[in-house]
Amino acid sequence: MRSRYCRQLQRALGFRFPLPTRRPLLFGPHRLMKPLVVFVLGGPGAGKGTQCTRIVEKYGYTHLSAGELLRDERRNPDSQYGELIEKCIREGKIVPVEITISLLKREMDQAMTANVQKNKFLIDGFPRNQDNLQGWNKTMDGKADVSFVLFFDCNNEICTERCLERGKSSGRTDDNRESLEKRIQTYLESTKPIIDLYEEMGKVRKIDASKSVDEVFDAVVKIFDKEG
């Protein structure tokens with residue numbers, strides 16, 4: 001109707017002008033789907049990364065590790081945030097939320113641009129404090145849905161020993177006893193209250209992470225099979 005009206009107007013005025021272009025309708029398989037997110041939380045050494053790898057293989061999620069993204073950004077010589085990220089990681093502090101969310105959003109956008117059907121994400125190690133949560137809600141409100149929080153519960157002694165063992169080959173500057181003490185304290189003071197908050201909302205799926213890798217994954221499978 002609008003196109004016919006424009007042609008009539010063009011004839012009446014005696015000149016032509018571009019017709020308005022019709023925006024493509026995003027239906028069916030080409031519609032951009034909203035990201036579905038599972039936050040994966042637990043203390044350092046609780047086994048989050050190991051289990052996320054298995055979840056990706058079995059359920060096709062895209063795994064985004066907030067810590068790995070920050071470490072990659074720190075190693076990027078062109079990054080304006082590298083020095084700040086290095087200082088935060090070394091001292092066991094939490095990187096400013098704006099940096100972390102920008103990296104997460106960039107990775108989600110890239111993944112869904114490459115394949116619009118790949119809209120399920122495991123975000124490992126985030127949100128780590130109230131500032132993280134507020135930043136996520138402010139930036140991603142209406143743009144992503146949080147399905148639930150996968151909480152790997154493990155006591156501090158086991159987590160510390162796992163990280164020290166990992167540190168023998170990982171090359172990570174924070175896998176040492178001094179940094180671990182700071183990281184665990186930060187987790188208890190800042191991250192655990194976020195888990196408790198989601199628990200009150202009925203969104204936490206808790207797993208005993210002190211067991212073997214296979215036993216933990218058996219529990220993970222039961223949760224994901226139930227959640228769909």
# chains A, B, ... in the order shown; residues from 1 in each chain; ligands from 1
$ residues_around --residues "Ser147 in chain A" --least-positions-apart "5" --cutoff "8 Å" --atoms "only C-alpha atoms" --output "JSON, numbers by chain"
{"A": [36, 37, 38, 203]}
$ residues_around --residues "range 70-83 of chain A" --least-positions-apart "3" --cutoff "9 Å" --atoms "only C-alpha atoms" --output "PyMOL selection string"
chain A and resi 65-67+86-89+95+99-100+103
$ write_last_selection --atoms "N, CA, C and O atoms" --output "PDB file, in the first residue's frame"
ATOM      1  N   SER A  65      34.416 -18.523  30.040  1.00  0.00           N
ATOM      2  CA  SER A  65      35.032 -18.377  31.351  1.00  0.00           C
ATOM      3  C   SER A  65      35.430 -16.923  31.543  1.00  0.00           C
ATOM      4  O   SER A  65      36.271 -16.396  30.804  1.00  0.00           O
ATOM      5  N   ALA A  66      34.816 -16.273  32.535  1.00  0.00           N
ATOM      6  CA  ALA A  66      35.146 -14.872  32.790  1.00  0.00           C
ATOM      7  C   ALA A  66      36.632 -14.723  33.094  1.00  0.00           C
ATOM      8  O   ALA A  66      37.296 -13.803  32.597  1.00  0.00           O
ATOM      9  N   GLY A  67      37.176 -15.664  33.873  1.00  0.00           N
ATOM     10  CA  GLY A  67      38.589 -15.601  34.211  1.00  0.00           C
ATOM     11  C   GLY A  67      39.496 -15.757  33.006  1.00  0.00           C
ATOM     12  O   GLY A  67      40.475 -15.024  32.850  1.00  0.00           O
ATOM     13  N   GLU A  86      45.869  -7.446  35.315  1.00  0.00           N
ATOM     14  CA  GLU A  86      46.990  -8.158  35.925  1.00  0.00           C
ATOM     15  C   GLU A  86      47.063  -7.862  37.424  1.00  0.00           C
ATOM     16  O   GLU A  86      47.222  -8.778  38.242  1.00  0.00           O
ATOM     17  N   LYS A  87      46.909  -6.613  37.789  1.00  0.00           N
ATOM     18  CA  LYS A  87      46.989  -6.225  39.203  1.00  0.00           C
ATOM     19  C   LYS A  87      45.862  -6.862  40.008  1.00  0.00           C
ATOM     20  O   LYS A  87      46.087  -7.383  41.104  1.00  0.00           O
ATOM     21  N   CYS A  88      44.653  -6.843  39.453  1.00  0.00           N
ATOM     22  CA  CYS A  88      43.503  -7.424  40.157  1.00  0.00           C
ATOM     23  C   CYS A  88      43.675  -8.925  40.354  1.00  0.00           C
ATOM     24  O   CYS A  88      43.425  -9.462  41.437  1.00  0.00           O
ATOM     25  N   ILE A  89      44.102  -9.632  39.297  1.00  0.00           N
ATOM     26  CA  ILE A  89      44.264 -11.079  39.373  1.00  0.00           C
ATOM     27  C   ILE A  89      45.372 -11.439  40.371  1.00  0.00           C
ATOM     28  O   ILE A  89      45.216 -12.342  41.193  1.00  0.00           O
ATOM     29  N   VAL A  95      37.960  -7.770  39.026  1.00  0.00           N
ATOM     30  CA  VAL A  95      38.134  -6.791  37.950  1.00  0.00           C
ATOM     31  C   VAL A  95      36.858  -5.950  37.801  1.00  0.00           C
ATOM     32  O   VAL A  95      35.755  -6.473  37.976  1.00  0.00           O
ATOM     33  N   ILE A  99      34.521  -4.019  32.420  1.00  0.00           N
ATOM     34  CA  ILE A  99      35.470  -4.755  31.582  1.00  0.00           C
ATOM     35  C   ILE A  99      34.973  -6.181  31.356  1.00  0.00           C
ATOM     36  O   ILE A  99      34.919  -6.670  30.224  1.00  0.00           O
ATOM     37  N   THR A 100      34.588  -6.846  32.450  1.00  0.00           N
ATOM     38  CA  THR A 100      34.166  -8.243  32.346  1.00  0.00           C
ATOM     39  C   THR A 100      32.940  -8.399  31.468  1.00  0.00           C
ATOM     40  O   THR A 100      32.886  -9.275  30.596  1.00  0.00           O
ATOM     41  N   LEU A 103      33.586  -7.998  27.730  1.00  0.00           N
ATOM     42  CA  LEU A 103      34.224  -9.180  27.142  1.00  0.00           C
ATOM     43  C   LEU A 103      33.211 -10.309  26.960  1.00  0.00           C
ATOM     44  O   LEU A 103      33.194 -10.976  25.919  1.00  0.00           O
TER      45      LEU A 103
END
$ atom_distance --atom1 "CA of Met201 in chain A" --atom2 "CA of Leu150 in chain A"
13.5 Å
$ atom_distance --atom1 "CA of Asp174 in chain A" --atom2 "CA of Val40 in chain A"
19.8 Å
$ residues_around --residues "range 184-198 of chain A" --least-positions-apart "3" --cutoff "7 Å" --atoms "only C-alpha atoms" --output "compact mmCIF listing (two decimals) with C-alpha atoms, in the first residue's frame"
# COMPACT_ATOMS: atom_id res chain seq x y z
CA GLY A 43 35.25 -21.42 44.89
CA PRO A 44 38.63 -21.54 43.13
CA ARG A 128 31.43 -12.69 41.50
CA ASN A 129 30.02 -9.86 43.61
CA GLN A 130 27.10 -7.46 43.98
CA LEU A 180 44.61 -18.59 46.88
CA GLU A 181 44.04 -17.37 50.42
CA MET A 201 14.96 -16.94 44.20
CA GLY A 202 14.92 -20.72 43.73
CA LYS A 203 17.47 -20.55 40.92
CA VAL A 204 20.42 -22.45 42.42
$ residues_around --residues "Arg166 in chain A" --least-positions-apart "4" --cutoff "8 Å" --atoms "only C-alpha atoms" --output "PyMOL selection string"
chain A and resi 162+170+175
$ select_by_dssp --residues "range 32-75 of chain A" --states "helix (DSSP H, G or I)" --output "list in words"
Lys48, Gly49, Thr50, Gln51, Cys52, Thr53, Arg54, Ile55, Val56, Glu57, Lys58, Tyr59, Ala66, Gly67, Glu68, Leu69, Leu70, Arg71, Asp72, Glu73, Arg74 and Arg75 of chain A
$ atom_distance --atom1 "CA of Ile158 in chain A" --atom2 "CA of Gly49 in chain A"
15.8 Å
$ closest_residue --among "A:Gly47, A:Pro35, A:Pro127, A:Gly135" --to "Val149 in chain A" --atoms "only C-alpha atoms"
A:Pro127
$ residues_around --residues "Glu107 in chain A" --least-positions-apart "3" --cutoff "12 Å" --atoms "only C-alpha atoms" --output "ChimeraX atom specification"
/A:35,62-66,68-69,100-104,110-114,118-119,121-123
$ select_by_dssp --residues "range 6-200 of chain A" --states "strand (DSSP E or B)" --output "list of chain:residue names"
A:Leu36, A:Val37, A:Val38, A:Phe39, A:Val40, A:Leu41, A:Gly42, A:Thr62, A:His63, A:Leu64, A:Ser65, A:Lys120, A:Phe121, A:Leu122, A:Ile123, A:Asp124, A:Asp145, A:Val146, A:Ser147, A:Phe148, A:Val149, A:Leu150, A:Phe151, A:Phe152, A:Asp153
$ closest_residue --among "A:Lys48, A:Lys105, A:Lys34, A:Lys206" --to "Lys222 in chain A" --atoms "only C-alpha atoms"
A:Lys206
$ closest_residue --among "A:Glu91, A:Glu215, A:Glu165, A:Glu98" --to "Gln134 in chain A" --atoms "only C-alpha atoms"
A:Glu98
$ closest_residue --among "A:Asp131, A:Phe151, A:Asp109, A:Glu157" --to "Cys52 in chain A" --atoms "only C-alpha atoms"
A:Phe151
$ residues_around --residues "Cys163 in chain A" --least-positions-apart "4" --cutoff "7 Å" --atoms "only C-alpha atoms" --output "VMD selection string"
chain A and resid 45 159 167 175
